Structures are given as C-alpha cells and as structure tokens.
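Undergrad: Just so it is clear, I am handing over target-v5.pdb, which has PDB, C-alpha atoms and all ligand atoms.
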```pdb
ATOM      1  CA  MET A  20      92.431  86.112 102.007
ATOM      2  CA  SER A  21      89.744  83.515 101.868
ATOM      3  CA  LEU A  22      86.173  83.745 100.787
ATOM      4  CA  LEU A  23      82.767  82.774 102.186
ATOM      5  CA  VAL A  24      80.399  81.494  99.494
ATOM      6  CA  LEU A  25      76.670  81.054 100.083
ATOM      7  CA  GLY A  26      74.472  79.605  97.349
ATOM      8  CA  SER A  27      72.630  76.605  96.026
ATOM      9  CA  ILE A  28      73.969  73.137  95.349
ATOM     10  CA  ALA A  29      71.706  71.469  92.847
ATOM     11  CA  LEU A  30      70.982  68.719  90.417
ATOM     12  CA  ASP A  31      70.088  70.426  87.149
ATOM     13  CA  THR A  32      68.146  69.250  84.138
ATOM     14  CA  VAL A  33      69.121  71.312  81.124
ATOM     15  CA  LYS A  34      67.663  71.341  77.628
ATOM     16  CA  THR A  35      69.183  73.134  74.634
ATOM     17  CA  PRO A  36      67.996  73.096  70.999
ATOM     18  CA  VAL A  37      70.432  70.199  70.473
ATOM     19  CA  GLU A  38      70.387  68.059  73.597
ATOM     20  CA  GLU A  39      68.878  67.393  77.024
ATOM     21  CA  ARG A  40      70.840  66.290  80.101
ATOM     22  CA  LEU A  41      69.354  65.131  83.390
ATOM     23  CA  GLU A  42      70.520  65.663  86.986
ATOM     24  CA  LEU A  43      73.791  67.444  86.246
ATOM     25  CA  PHE A  44      76.076  68.674  89.021
ATOM     26  CA  GLY A  45      74.884  72.263  89.464
ATOM     27  CA  GLY A  46      73.857  75.079  91.733
ATOM     28  CA  THR A  47      75.115  78.597  92.116
ATOM     29  CA  ALA A  48      77.506  77.774  94.978
ATOM     30  CA  SER A  49      78.922  74.801  93.086
ATOM     31  CA  TYR A  50      79.845  76.846  90.028
ATOM     32  CA  ALA A  51      81.038  79.749  92.175
ATOM     33  CA  THR A  52      83.303  77.737  94.504
ATOM     34  CA  ILE A  53      84.765  75.627  91.695
ATOM     35  CA  SER A  54      85.558  78.824  89.800
ATOM     36  CA  ALA A  55      86.952  80.604  92.892
ATOM     37  CA  SER A  56      89.126  77.591  93.721
ATOM     38  CA  PHE A  57      91.534  78.643  90.952
ATOM     39  CA  PHE A  58      92.288  81.811  92.948
ATOM     40  CA  THR A  59      91.637  81.260  96.654
ATOM     41  CA  ARG A  60      90.184  78.968  99.352
ATOM     42  CA  SER A  61      86.408  79.110  99.755
ATOM     43  CA  HIS A  62      84.282  78.345 102.792
ATOM     44  CA  LEU A  63      80.958  76.983 101.608
ATOM     45  CA  VAL A  64      77.523  77.599 103.160
ATOM     46  CA  ALA A  65      74.878  75.372 101.598
ATOM     47  CA  ILE A  66      72.689  72.318 102.153
ATOM     48  CA  ILE A  67      72.269  69.038 100.271
ATOM     49  CA  GLY A  68      70.093  65.976 100.696
ATOM     50  CA  ASP A  69      71.335  62.431 101.195
ATOM     51  CA  ASP A  70      70.766  61.751  97.479
ATOM     52  CA  PHE A  71      73.655  64.015  96.444
ATOM     53  CA  PRO A  72      76.346  62.058  94.544
ATOM     54  CA  LYS A  73      79.487  61.388  96.605
ATOM     55  CA  GLU A  74      81.792  62.028  93.642
ATOM     56  CA  TYR A  75      80.718  65.706  93.543
ATOM     57  CA  LEU A  76      81.372  66.072  97.265
ATOM     58  CA  GLU A  77      84.833  64.639  96.647
ATOM     59  CA  ASP A  78      85.393  67.304  94.010
ATOM     60  CA  PHE A  79      84.792  70.068  96.579
ATOM     61  CA  LYS A  80      87.201  68.362  98.974
ATOM     62  CA  GLN A  81      89.923  67.985  96.361
ATOM     63  CA  ARG A  82      89.696  71.688  95.660
ATOM     64  CA  ASN A  83      90.391  72.436  99.320
ATOM     65  CA  ILE A  84      86.939  73.990  99.734
ATOM     66  CA  ASP A  85      85.983  74.190 103.421
ATOM     67  CA  LEU A  86      82.802  72.151 103.911
ATOM     68  CA  SER A  87      82.269  72.822 107.615
ATOM     69  CA  GLY A  88      79.324  75.077 106.685
ATOM     70  CA  LEU A  89      77.749  72.466 104.407
ATOM     71  CA  GLN A  90      74.770  70.622 105.891
ATOM     72  CA  ILE A  91      73.904  67.135 104.662
ATOM     73  CA  VAL A  92      70.395  66.155 105.729
ATOM     74  CA  PRO A  93      67.882  63.404 104.963
ATOM     75  CA  GLY A  94      65.797  64.458 101.979
ATOM     76  CA  LYS A  95      66.124  65.663  98.423
ATOM     77  CA  THR A  96      68.766  68.006  97.089
ATOM     78  CA  PHE A  97      67.622  71.237  95.391
ATOM     79  CA  ARG A  98      66.602  70.615  91.775
ATOM     80  CA  TRP A  99      66.282  73.046  88.904
ATOM     81  CA  SER A 100      65.357  72.557  85.291
ATOM     82  CA  GLY A 101      65.546  74.988  82.432
ATOM     83  CA  GLU A 102      65.593  75.277  78.677
ATOM     84  CA  TYR A 103      67.547  77.405  76.223
ATOM     85  CA  PHE A 104      66.178  78.316  72.830
ATOM     86  CA  ASN A 105      67.889  79.160  69.512
ATOM     87  CA  ASN A 106      69.416  82.279  70.942
ATOM     88  CA  MET A 107      71.300  80.699  73.840
ATOM     89  CA  ASN A 108      70.884  83.934  75.831
ATOM     90  CA  ASN A 109      67.171  83.262  76.384
ATOM     91  CA  ARG A 110      66.321  80.792  79.115
ATOM     92  CA  LYS A 111      63.047  79.501  80.461
ATOM     93  CA  THR A 112      62.945  77.950  83.926
ATOM     94  CA  HIS A 113      60.677  74.883  83.924
ATOM     95  CA  SER A 114      60.912  74.044  87.608
ATOM     96  CA  THR A 115      62.626  75.083  90.816
ATOM     97  CA  ASP A 116      62.295  72.573  93.659
ATOM     98  CA  LEU A 117      63.937  74.040  96.736
ATOM     99  CA  ASN A 118      63.567  70.722  98.638
ATOM    100  CA  VAL A 119      66.082  70.786 101.540
ATOM    101  CA  PHE A 120      66.721  74.503 100.911
ATOM    102  CA  ALA A 121      63.129  75.359 101.886
ATOM    103  CA  ASN A 122      63.897  75.354 105.619
ATOM    104  CA  PHE A 123      67.584  76.209 105.532
ATOM    105  CA  THR A 124      68.467  78.816 108.159
ATOM    106  CA  PRO A 125      72.153  78.110 108.778
ATOM    107  CA  THR A 126      74.115  79.078 111.845
ATOM    108  CA  LEU A 127      77.580  79.857 110.556
ATOM    109  CA  PRO A 128      80.602  78.052 112.032
ATOM    110  CA  LYS A 129      82.512  80.470 114.276
ATOM    111  CA  ALA A 130      85.500  80.742 111.921
ATOM    112  CA  TYR A 131      83.214  81.759 109.043
ATOM    113  CA  ARG A 132      81.922  84.837 110.884
ATOM    114  CA  GLU A 133      85.258  86.576 110.682
ATOM    115  CA  LEU A 134      85.785  86.043 106.970
ATOM    116  CA  PRO A 135      86.516  89.293 105.094
ATOM    117  CA  PHE A 136      85.350  88.514 101.548
ATOM    118  CA  ILE A 137      81.808  87.343 100.982
ATOM    119  CA  LEU A 138      80.034  86.034  97.905
ATOM    120  CA  LEU A 139      76.279  85.707  98.318
ATOM    121  CA  ALA A 140      75.661  83.735  95.145
ATOM    122  CA  ASN A 141      72.131  83.588  93.808
ATOM    123  CA  ILE A 142      69.647  82.191  96.350
ATOM    124  CA  GLY A 143      66.665  83.733  98.202
ATOM    125  CA  PRO A 144      67.538  87.217  99.483
ATOM    126  CA  ASP A 145      66.107  86.311 102.923
ATOM    127  CA  LEU A 146      68.827  83.653 103.214
ATOM    128  CA  GLN A 147      71.462  86.051 101.889
ATOM    129  CA  LEU A 148      70.399  88.550 104.606
ATOM    130  CA  HIS A 149      70.374  85.824 107.276
ATOM    131  CA  VAL A 150      74.021  84.987 106.493
ATOM    132  CA  LEU A 151      75.024  88.639 106.295
ATOM    133  CA  ASP A 152      73.530  89.211 109.755
ATOM    134  CA  GLN A 153      75.975  86.729 111.272
ATOM    135  CA  LEU A 154      79.152  88.290 109.907
ATOM    136  CA  GLN A 155      81.316  90.331 112.236
ATOM    137  CA  ALA A 156      83.089  92.769 109.934
ATOM    138  CA  PRO A 157      82.951  91.824 106.280
ATOM    139  CA  ARG A 158      85.302  93.948 104.160
ATOM    140  CA  PHE A 159      83.702  93.342 100.771
ATOM    141  CA  VAL A 160      80.330  91.760 100.034
ATOM    142  CA  ILE A 161      79.306  90.663  96.541
ATOM    143  CA  ALA A 162      75.771  89.479  95.775
ATOM    144  CA  ASP A 163      74.126  87.918  92.759
ATOM    145  CA  THR A 164      70.412  87.426  92.190
ATOM    146  CA  MET A 165      67.877  86.421  89.534
ATOM    147  CA  ASN A 166      64.480  87.300  88.092
ATOM    148  CA  LEU A 167      62.592  84.885  90.386
ATOM    149  CA  TRP A 168      63.613  86.892  93.481
ATOM    150  CA  ILE A 169      62.933  90.223  91.757
ATOM    151  CA  ASN A 170      59.388  88.960  91.216
ATOM    152  CA  ILE A 171      58.655  87.259  94.543
ATOM    153  CA  ALA A 172      61.035  88.835  97.090
ATOM    154  CA  ARG A 173      61.692  92.367  95.885
ATOM    155  CA  ALA A 174      61.464  93.964  99.350
ATOM    156  CA  ASP A 175      64.220  91.697 100.738
ATOM    157  CA  LEU A 176      66.320  92.280  97.643
ATOM    158  CA  VAL A 177      66.053  96.040  98.114
ATOM    159  CA  LYS A 178      67.119  95.557 101.757
ATOM    160  CA  LEU A 179      70.065  93.437 100.652
ATOM    161  CA  CYS A 180      71.226  96.017  98.104
ATOM    162  CA  LYS A 181      71.729  98.555 100.891
ATOM    163  CA  ARG A 182      74.217  96.225 102.611
ATOM    164  CA  ILE A 183      76.484  95.025  99.810
ATOM    165  CA  ASP A 184      79.512  96.458  98.003
ATOM    166  CA  LEU A 185      78.980  94.902  94.578
ATOM    167  CA  LEU A 186      75.853  93.638  92.846
ATOM    168  CA  SER A 187      76.275  91.223  89.936
ATOM    169  CA  ILE A 188      73.158  90.976  87.783
ATOM    170  CA  ASN A 189      72.346  90.223  84.156
ATOM    171  CA  ASP A 190      70.959  92.717  81.666
ATOM    172  CA  SER A 191      67.327  91.556  81.650
ATOM    173  CA  GLU A 192      67.269  91.414  85.466
ATOM    174  CA  ALA A 193      68.811  94.897  85.696
ATOM    175  CA  ARG A 194      66.074  96.196  83.399
ATOM    176  CA  GLU A 195      63.386  94.430  85.422
ATOM    177  CA  LEU A 196      64.641  95.617  88.803
ATOM    178  CA  THR A 197      65.102  99.250  87.763
ATOM    179  CA  GLU A 198      62.289  99.455  85.195
ATOM    180  CA  GLU A 199      64.844 101.184  82.947
ATOM    181  CA  ASN A 200      65.726  99.901  79.483
ATOM    182  CA  ASN A 201      68.982 101.786  78.996
ATOM    183  CA  LEU A 202      71.695  99.788  80.754
ATOM    184  CA  ILE A 203      73.896 102.801  81.512
ATOM    185  CA  LYS A 204      70.998 104.460  83.317
ATOM    186  CA  ALA A 205      70.081 101.121  84.948
ATOM    187  CA  GLY A 206      73.645 100.784  86.294
ATOM    188  CA  ALA A 207      73.394 104.222  87.898
ATOM    189  CA  LEU A 208      69.959 103.394  89.342
ATOM    190  CA  LEU A 209      71.267 100.129  90.817
ATOM    191  CA  ARG A 210      74.207 101.971  92.417
ATOM    192  CA  ALA A 211      71.690 104.399  93.904
ATOM    193  CA  MET A 212      70.021 101.407  95.598
ATOM    194  CA  GLY A 213      73.164 100.831  97.704
ATOM    195  CA  PRO A 214      76.116  98.962  96.217
ATOM    196  CA  GLN A 215      79.159 101.076  95.408
ATOM    197  CA  TYR A 216      79.883  98.831  92.423
ATOM    198  CA  VAL A 217      77.530  97.137  89.969
ATOM    199  CA  VAL A 218      78.290  94.618  87.243
ATOM    200  CA  ILE A 219      75.701  94.140  84.502
ATOM    201  CA  LYS A 220      76.358  90.909  82.573
ATOM    202  CA  LYS A 221      75.341  90.823  78.920
ATOM    203  CA  GLY A 222      75.993  87.195  77.996
ATOM    204  CA  GLU A 223      77.959  86.869  74.769
ATOM    205  CA  HIS A 224      78.363  90.676  74.709
ATOM    206  CA  GLY A 225      80.486  90.876  77.861
ATOM    207  CA  CYS A 226      79.675  93.068  80.843
ATOM    208  CA  TYR A 227      79.697  96.600  82.256
ATOM    209  CA  LEU A 228      81.289  97.539  85.571
ATOM    210  CA  PHE A 229      80.007 100.712  87.235
ATOM    211  CA  GLY A 230      81.776 102.440  90.130
ATOM    212  CA  PRO A 231      81.811 105.904  91.654
ATOM    213  CA  ASP A 232      82.633 108.069  88.598
ATOM    214  CA  GLN A 233      84.133 104.992  86.956
ATOM    215  CA  PHE A 234      83.044 102.740  84.156
ATOM    216  CA  PHE A 235      84.604  99.698  82.462
ATOM    217  CA  SER A 236      83.297  97.691  79.535
ATOM    218  CA  CYS A 237      84.640  94.131  79.393
ATOM    219  CA  PRO A 238      84.230  92.044  76.240
ATOM    220  CA  ALA A 239      83.252  88.377  76.274
ATOM    221  CA  TYR A 240      85.724  85.784  75.044
ATOM    222  CA  PRO A 241      84.682  85.022  71.452
ATOM    223  CA  LEU A 242      83.374  81.445  71.345
ATOM    224  CA  GLU A 243      81.829  79.729  68.347
ATOM    225  CA  ASN A 244      80.318  76.791  70.186
ATOM    226  CA  ILE A 245      78.292  77.286  73.325
ATOM    227  CA  LYS A 246      77.032  73.999  74.715
ATOM    228  CA  ASP A 247      75.232  75.119  77.891
ATOM    229  CA  PRO A 248      75.217  78.627  79.399
ATOM    230  CA  THR A 249      74.075  77.347  82.830
ATOM    231  CA  GLY A 250      76.305  78.552  85.635
ATOM    232  CA  ALA A 251      78.141  81.171  83.571
ATOM    233  CA  GLY A 252      76.942  83.923  85.909
ATOM    234  CA  ASP A 253      78.011  81.984  88.994
ATOM    235  CA  ALA A 254      81.402  81.059  87.586
ATOM    236  CA  PHE A 255      81.789  84.730  86.700
ATOM    237  CA  ALA A 256      80.963  85.778  90.276
ATOM    238  CA  GLY A 257      83.222  83.056  91.746
ATOM    239  CA  GLY A 258      86.178  84.041  89.566
ATOM    240  CA  LEU A 259      85.642  87.715  90.322
ATOM    241  CA  ALA A 260      85.298  87.167  94.077
ATOM    242  CA  GLY A 261      88.194  84.686  94.233
ATOM    243  CA  TYR A 262      90.514  87.034  92.380
ATOM    244  CA  LEU A 263      89.509  89.990  94.583
ATOM    245  CA  ALA A 264      89.997  87.993  97.775
ATOM    246  CA  SER A 265      93.505  87.042  96.689
ATOM    247  CA  HIS A 266      94.488  90.518  95.400
ATOM    248  CA  SER A 267      92.872  92.815  97.961
ATOM    249  CA  ASN A 268      94.608  95.671  99.765
ATOM    250  CA  ASP A 269      95.887  94.723 103.231
ATOM    251  CA  SER A 270      93.462  94.985 106.109
ATOM    252  CA  ASN A 271      94.918  98.327 107.277
ATOM    253  CA  SER A 272      93.877  99.991 104.076
ATOM    254  CA  LYS A 273      90.526 101.801 104.186
ATOM    255  CA  LYS A 274      89.681 100.547 100.697
ATOM    256  CA  PRO A 275      89.598  96.741 100.456
ATOM    257  CA  VAL A 276      89.903  96.886  96.654
ATOM    258  CA  ASP A 277      90.682  99.516  94.049
ATOM    259  CA  PHE A 278      89.056  99.968  90.666
ATOM    260  CA  GLU A 279      92.007  98.592  88.691
ATOM    261  CA  THR A 280      91.893  95.346  90.690
ATOM    262  CA  LEU A 281      88.147  95.217  90.125
ATOM    263  CA  GLN A 282      88.651  95.562  86.369
ATOM    264  CA  GLN A 283      91.109  92.660  86.445
ATOM    265  CA  ALA A 284      88.694  90.639  88.586
ATOM    266  CA  VAL A 285      85.910  91.218  86.055
ATOM    267  CA  VAL A 286      88.190  89.922  83.278
ATOM    268  CA  TYR A 287      89.043  86.796  85.320
ATOM    269  CA  GLY A 288      85.331  86.306  86.013
ATOM    270  CA  SER A 289      84.646  86.514  82.275
ATOM    271  CA  ILE A 290      87.427  84.004  81.573
ATOM    272  CA  MET A 291      85.933  81.495  84.021
ATOM    273  CA  ALA A 292      82.454  82.034  82.517
ATOM    274  CA  SER A 293      83.877  81.373  79.035
ATOM    275  CA  PHE A 294      85.088  77.912  80.096
ATOM    276  CA  THR A 295      81.806  77.115  81.832
ATOM    277  CA  VAL A 296      79.647  77.445  78.731
ATOM    278  CA  GLU A 297      81.853  75.077  76.708
ATOM    279  CA  SER A 298      80.295  71.957  78.242
ATOM    280  CA  PHE A 299      77.075  70.793  79.867
ATOM    281  CA  GLY A 300      77.274  71.304  83.629
ATOM    282  CA  PRO A 301      80.605  72.277  85.180
ATOM    283  CA  ASP A 302      82.757  69.611  83.448
ATOM    284  CA  ARG A 303      84.854  72.011  81.408
ATOM    285  CA  LEU A 304      85.243  74.394  84.347
ATOM    286  CA  ARG A 305      86.331  71.489  86.548
ATOM    287  CA  SER A 306      89.068  70.484  84.137
ATOM    288  CA  VAL A 307      90.560  73.934  83.442
ATOM    289  CA  LYS A 308      94.335  74.292  83.782
ATOM    290  CA  GLN A 309      96.088  77.389  85.111
ATOM    291  CA  GLU A 310      97.902  77.810  81.755
ATOM    292  CA  GLU A 311      94.548  77.956  79.964
ATOM    293  CA  ILE A 312      93.391  80.767  82.263
ATOM    294  CA  GLU A 313      96.622  82.629  81.510
ATOM    295  CA  GLU A 314      96.183  82.087  77.746
ATOM    296  CA  ARG A 315      92.687  83.576  77.855
ATOM    297  CA  TRP A 316      93.943  86.505  79.968
ATOM    298  CA  GLN A 317      96.431  87.302  77.187
ATOM    299  CA  ALA A 318      93.680  86.890  74.594
ATOM    300  CA  PHE A 319      91.435  89.342  76.495
ATOM    301  CA  LYS A 320      94.286  91.865  76.554
ATOM    302  CA  LYS A 321      94.729  91.570  72.802
ATOM    303  CA  LEU A 322      91.081  91.795  71.938
ATOM    304  CA  SER A 323      90.465  94.905  74.023
ATOM    305  CA  ALA A 324      93.636  96.908  73.243
ATOM    306  CA  PHE A 325      93.884  99.421  70.409
TER     307      PHE A 325
HETATM  308  P1  LIG B 401      73.193  80.878  86.173
HETATM  309  O1  LIG B 401      73.151  80.169  84.853
HETATM  310  O2  LIG B 401      74.547  81.458  86.469
HETATM  311  O3  LIG B 401      72.098  81.878  86.319
HETATM  312  O4  LIG B 401      72.948  79.807  87.314
HETATM  313  C1  LIG B 401      72.482  78.522  87.080
HETATM  314  C2  LIG B 401      72.398  77.745  88.369
HETATM  315  O5  LIG B 401      71.489  78.387  89.253
HETATM  316  C3  LIG B 401      71.893  76.326  88.171
HETATM  317  O6  LIG B 401      72.929  75.411  88.454
HETATM  318  C4  LIG B 401      70.715  76.206  89.138
HETATM  319  O7  LIG B 401      70.770  75.049  89.924
HETATM  320  C5  LIG B 401      70.795  77.434  90.007
HETATM  321  N1  LIG B 401      69.502  78.031  90.305
HETATM  322  C6  LIG B 401      68.454  78.184  89.454
HETATM  323  N2  LIG B 401      67.432  78.794  90.079
HETATM  324  C7  LIG B 401      67.835  79.053  91.332
HETATM  325  C8  LIG B 401      67.230  79.675  92.462
HETATM  326  N3  LIG B 401      65.991  80.154  92.425
HETATM  327  N4  LIG B 401      67.965  79.779  93.605
HETATM  328  C9  LIG B 401      69.207  79.284  93.643
HETATM  329  N5  LIG B 401      69.828  78.673  92.631
HETATM  330  C10 LIG B 401      69.164  78.559  91.474
END
```
Kindly transcribe the structure held in the file into structure tokens.

TA:
Amino acid sequence: MSLLVLGSIALDTVKTPVEERLELFGGTASYATISASFFTRSHLVAIIGDDFPKEYLEDFKQRNIDLSGLQIVPGKTFRWSGEYFNNMNNRKTHSTDLNVFANFTPTLPKAYRELPFILLANIGPDLQLHVLDQLQAPRFVIADTMNLWINIARADLVKLCKRIDLLSINDSEARELTEENNLIKAGALLRAMGPQYVVIKKGEHGCYLFGPDQFFSCPAYPLENIKDPTGAGDAFAGGLAGYLASHSNDSNSKKPVDFETLQQAVVYGSIMASFTVESFGPDRLRSVKQEEIEERWQAFKKLSAF
C-alpha cells in the first residue's frame, strides 16, 4: 500500500564542531520520502519556492515519488539553520524561515484522500490537522513533531495526538511535552494523550516503542563517525512508515498492523536513520543500496540477540 507524506522541504544550513555547510537539500518530508522510497511509493504534500534546485526535484521523480501534491510557487523555499555541539545529540536551532510554508493550506488531490497510510512528518500541527481533516478513512496515521511546536502550538498538538495511531518523538521532546523525566512514564503519559503506539527516539541510544501492554527497546546501529544528525528522525519515520505500508494486514483485517510488524518497522527506521547521519544532508541516504539495508538488518539481529 502506498503512503501519504506531509512535511517540510527545505534548504538547510548545518554547523557541527568540525564543519559548516550551507543550503543543503533538507526538510522533514525530503528525508522521510527518500527513506520511505526503499519500501513503498510515497505521495508528497509540501510546498517549495521557485529557488528550489531542479536536481533535487529530479531526485524525487527518480524515486517514483508522486509530486501531484507538491506546490511550486514564486518565492523562497523554507530555510532552517542549526548547530550541533560536541555531543552531537544536542542541537540549537539558529533560524527557521517558513517562507512559502507560512500560508500553505493545501487542498489534497482527490487520489490522496483515499490513501490508507499517513505520515505527518514534523511541521506545524495546524497543517498536520488540516491534512488529516481531508482524509476519508486513513487506516494508520503516524505523526512526528518537535520542541518548537510544543512551545508555540501545544493546544493543536494535543488535538492532533487524539487523532493519530503512532507518535514519533525524541527523548527531550517527550520530557517537555509530558513534564515527566522518566521515559517509561513519559511513554505511558503520551499514550494516554491518544496514540495507541508511541516511539521515543534516544539518538545514539536507540529508541523505545510503547503499545498496549507491549514494550520494545531497539538499539541504535553502532557508528563511530557521525557527520550530521540532521534528518535522522525523519528518515527513521519514513523508513518505519514505508515498511508498515508495505507489510500491513489486508484491508479486511480490523488491525492494520500488529506489534511484531511494528517492531520490524522500528528496526528498519533505525537502519535508515543510521545511514542518514553518515553524511551532511541526505547524500548517504540517497545512495544507499538494498544490500546495505539487508546487511544492517542482519547486524541489528546479531547485536540484540542473546
Ligand atoms: P530532524 O533532524 O529529523 O529533527 O529534522 C531535520 C529537518 O527538519 C531539517 O531538514 C529541517 O529543514 C527540518 N525542520 C527544522 N525545523 C522545522 C520546523 N519547524 N518545521 C518543519 N521542518 C523543520
């Protein structure tokens, strides 16, 4: 089954303790759809300005990503800049310029409204709700968010949580949203806000998956050299959503996915995130080969079995 992906398409400026790169191909929908493209076909909902490089658009096309929900308008593409410090888990956002995203209230193409699997990648929760409102009968809705929205749009985020099946969030955001330091308690509190499943991402320490009476702890792939963590969360969500969409139960089944499939999806998400952080921007993710995904799947099995 195919997947609707809403999120940002951006030009990112990223600084690490070692290097700074300007105007990289970025955005939550970019990382998510590129990652999902290894598992299923995505239908993109996003907006870009007329300054967006053609070569990146070509990349979406070559991956068979449906661009009928992508608007290209006069003006500037979304821009974000951030900096990582010695511990690559800590990030400071320097600027977020929504530009063409500021007035983006998309009307979905008709074919998109019937799509069963939905990934609302990180973007304003008002926009995530606006897209959700247009869907006829989504079977499984995944949403991601970030600290900015917890701080400036909490009420919409709370509304959104009531209408999704899985929330993907990182550890510091989970703590902020629930005001609970213990991540096991925070997972339960987030589930109580609405989603049946919650994933709390812990960077280099892997992630937790919480379900009804179920819990799974997924390690991170051990990497010695992390170049740029940007987009890891989105590639994680794209891999997870893409895998679920292509391994879901048939539409007659009451449950679109079962917990075992979700565990596998979380491992594939972690694999895609592990490639993402190995280069600045999505270059490494873009060049991944199916055999490399399979190799890391085997490595994950080994490192978590005893
Ligand atoms: P991640 O590292 O997975 O949290 O996501 C990084 C990506 O999120 C970058 O490519 C940014 O362009 C994008 N991004 C940063 N801030 C926002 C925001 N407020 N809304 C949407 N996308 C954002």

Undergrad: Considering only C-alpha atoms and all ligand atoms, tabulate each residue of chain A that lies at most 9 Å from ligand LIG 401 (chain B) along with its nearest interatomic pair and the corresponding distance in Å to one decimal; arrange the rows by chain and ascending residue number and present them as a tab-separated table.

TA:
```
residue	atom	partner	partner_atom	distance
A:Gly26	CA	B:LIG401	C9	6.4
A:Ser27	CA	B:LIG401	N5	4.9
A:Ile28	CA	B:LIG401	O7	6.6
A:Ala29	CA	B:LIG401	O7	4.7
A:Leu30	CA	B:LIG401	O7	6.4
A:Asp31	CA	B:LIG401	O7	5.4
A:Thr32	CA	B:LIG401	O7	8.6
A:Leu43	CA	B:LIG401	O6	8.3
A:Phe44	CA	B:LIG401	O6	7.5
A:Gly45	CA	B:LIG401	O6	3.8
A:Gly46	CA	B:LIG401	O6	3.4
A:Thr47	CA	B:LIG401	O5	4.6
A:Ala48	CA	B:LIG401	N5	8.1
A:Ser49	CA	B:LIG401	O6	7.6
A:Tyr50	CA	B:LIG401	O6	7.2
A:Ala51	CA	B:LIG401	O2	8.8
A:Phe97	CA	B:LIG401	O7	7.4
A:Arg98	CA	B:LIG401	O7	6.4
A:Trp99	CA	B:LIG401	O7	5.0
A:Ser100	CA	B:LIG401	C4	7.5
A:Gly101	CA	B:LIG401	C6	8.2
A:Arg110	CA	B:LIG401	O1	8.9
A:Thr112	CA	B:LIG401	N2	7.7
A:Ser114	CA	B:LIG401	N2	8.4
A:Thr115	CA	B:LIG401	N2	6.1
A:Asp116	CA	B:LIG401	N3	8.5
A:Leu117	CA	B:LIG401	N4	7.7
A:Ala140	CA	B:LIG401	C9	8.0
A:Asn141	CA	B:LIG401	C9	5.2
A:Ile142	CA	B:LIG401	C9	4.0
A:Gly143	CA	B:LIG401	N4	6.2
A:Thr164	CA	B:LIG401	N4	8.2
A:Met165	CA	B:LIG401	O3	7.0
A:Asn166	CA	B:LIG401	N3	8.5
A:Leu167	CA	B:LIG401	N3	6.2
A:Trp168	CA	B:LIG401	N3	7.2
A:Asn189	CA	B:LIG401	O3	8.6
A:Asp247	CA	B:LIG401	O1	8.8
A:Pro248	CA	B:LIG401	O1	6.0
A:Thr249	CA	B:LIG401	O1	3.6
A:Gly250	CA	B:LIG401	O2	3.5
A:Ala251	CA	B:LIG401	O2	4.6
A:Gly252	CA	B:LIG401	O2	3.5
A:Asp253	CA	B:LIG401	O2	4.3
A:Ala254	CA	B:LIG401	O2	7.0
A:Phe255	CA	B:LIG401	O2	8.0
A:Ala256	CA	B:LIG401	O2	8.6
A:Ala292	CA	B:LIG401	O2	8.9
A:Gly300	CA	B:LIG401	O6	7.7
A:Pro301	CA	B:LIG401	O6	8.9
```

Undergrad: Closest to Phe234 in chain A among A:Glu192, A:Glu279, A:Glu198, A:Glu313, using all atoms listed in the file?

TA: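 So, comparing all the options, the nearest one is A:Glu279.
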
Undergrad: Rounded to one decimal, what separation in Å do you get between CA of Arg305 in chain A and CA of Ser54 in chain A?

TA: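 According to the coordinates, CA of Arg305 in chain A and CA of Ser54 in chain A are separated by 8.1 Å.
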
Undergrad: Applying the PyMOL selection byres (((chain A and resi 176) around 12) and not hetatm) to the file I just gave you, which residues come out? Please list them as a PyMOL selection string.

TA: chain A and resi 139+141-148+162-175+177-183+186+196+209+212-214

Undergrad: Using all atoms listed in the file, pick whichever of A:Gly68, A:Lys320, A:Arg315, A:Asp78 has the shortest atom-to-atom distance to Ala121 in chain A.

TA: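 Ranking A:Gly68, A:Lys320, A:Arg315, A:Asp78 by distance to Ala121 in chain A, first place goes to A:Gly68.
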
Undergrad: Using only C-alpha atoms, find the one residue out of A:Leu23, A:Ala260, A:Val276, A:Ile245 that sits nearest to Asn108 in chain A.

TA: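 Between A:Leu23, A:Ala260, A:Val276, A:Ile245, the residue approaching Asn108 in chain A most closely is A:Ile245.
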
Undergrad: Enumerate, as a PyMOL selection string, the residues matched when the PyMOL selection byres (((chain A and resi 265) around 12) and not hetatm) is run on the file above.

TA: chain A and resi 20-22+55-61+135-136+258-264+266-269+275-276+280-281+283-284

Undergrad: Let me make sure I understand: among A:Ile203, A:Ile219, A:Ile53, A:Met107, which one has the smallest atom-to-atom distance to Gln81 in chain A if we use all atoms listed in the file?

TA: A:Ile53

Undergrad: Taking 4 positions as the minimum chain separation for residues in the same chain, which residues sit within 9 Å of Pro238 in chain A when counting only C-alpha atoms? Answer as a list in words.

TA: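 Counting only the stated atoms, we get Glu223, His224, Gly225, Cys226, Tyr227, Val286, Ser289, Phe319, Leu322 and Ser323 of chain A.
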
Undergrad: Using all atoms of range 115-126 of chain A that appear in the file, construct an axis-aligned enclosing box with 8 Å of padding on every side and provide its centre coordinates and edge lengths in Å, rounded to one decimal, as AutoDock Vina command-line options.

TA:
```
--center_x 68.2 --center_y 74.9 --center_z 101.3 --size_x 27.8 --size_y 24.4 --size_z 37.0
```

Undergrad: In Å, with one decimal, what is the gap from CA of Arg132 in chain A to CA of Gln153 in chain A?

TA: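 Here the two named atoms are 6.3 Å from each other.
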
Undergrad: State, in Å with one decimal place, the distance from CA of Asp70 in chain A to CA of Lys95 in chain A.

TA: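 Atom-to-atom, CA of Asp70 in chain A to CA of Lys95 in chain A, that is 6.1 Å.
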
Undergrad: Identify which of the residues A:Ile188, A:Lys308, A:Asp85, A:Cys237 lies closest to Ala324 in chain A, counting only C-alpha atoms when measuring atom-to-atom distances.

TA: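 So, comparing all the options, the nearest one is A:Cys237.
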
Undergrad: When you count all atoms listed in the file, which of these residues is closest to Arg194 in chain A: A:Leu76, A:Leu208, A:Ser87, A:Trp316?

TA: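 Of A:Leu76, A:Leu208, A:Ser87, A:Trp316, the one nearest Arg194 in chain A, counting all atoms listed in the file, is A:Leu208.
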
Undergrad: Applying 12 Å and only C-alpha atoms, which residues near Glu243 in chain A remain after dropping the ones on its own chain fewer than 2 positions away? List them as a list in words.

TA: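 What passes the distance filter is Met107, Glu223, Ala239, Tyr240, Pro241, Ile245, Lys246, Ser293, Val296 and Glu297 of chain A.
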
Undergrad: Just want the 10 Å neighbourhood of Ile66 in chain A, counted on only C-alpha atoms, with same-chain residues fewer than 3 positions away dropped. Output as number ranges by chain.

TA: A: 25-29, 63, 88-92, 96-97, 118-120, 122-125
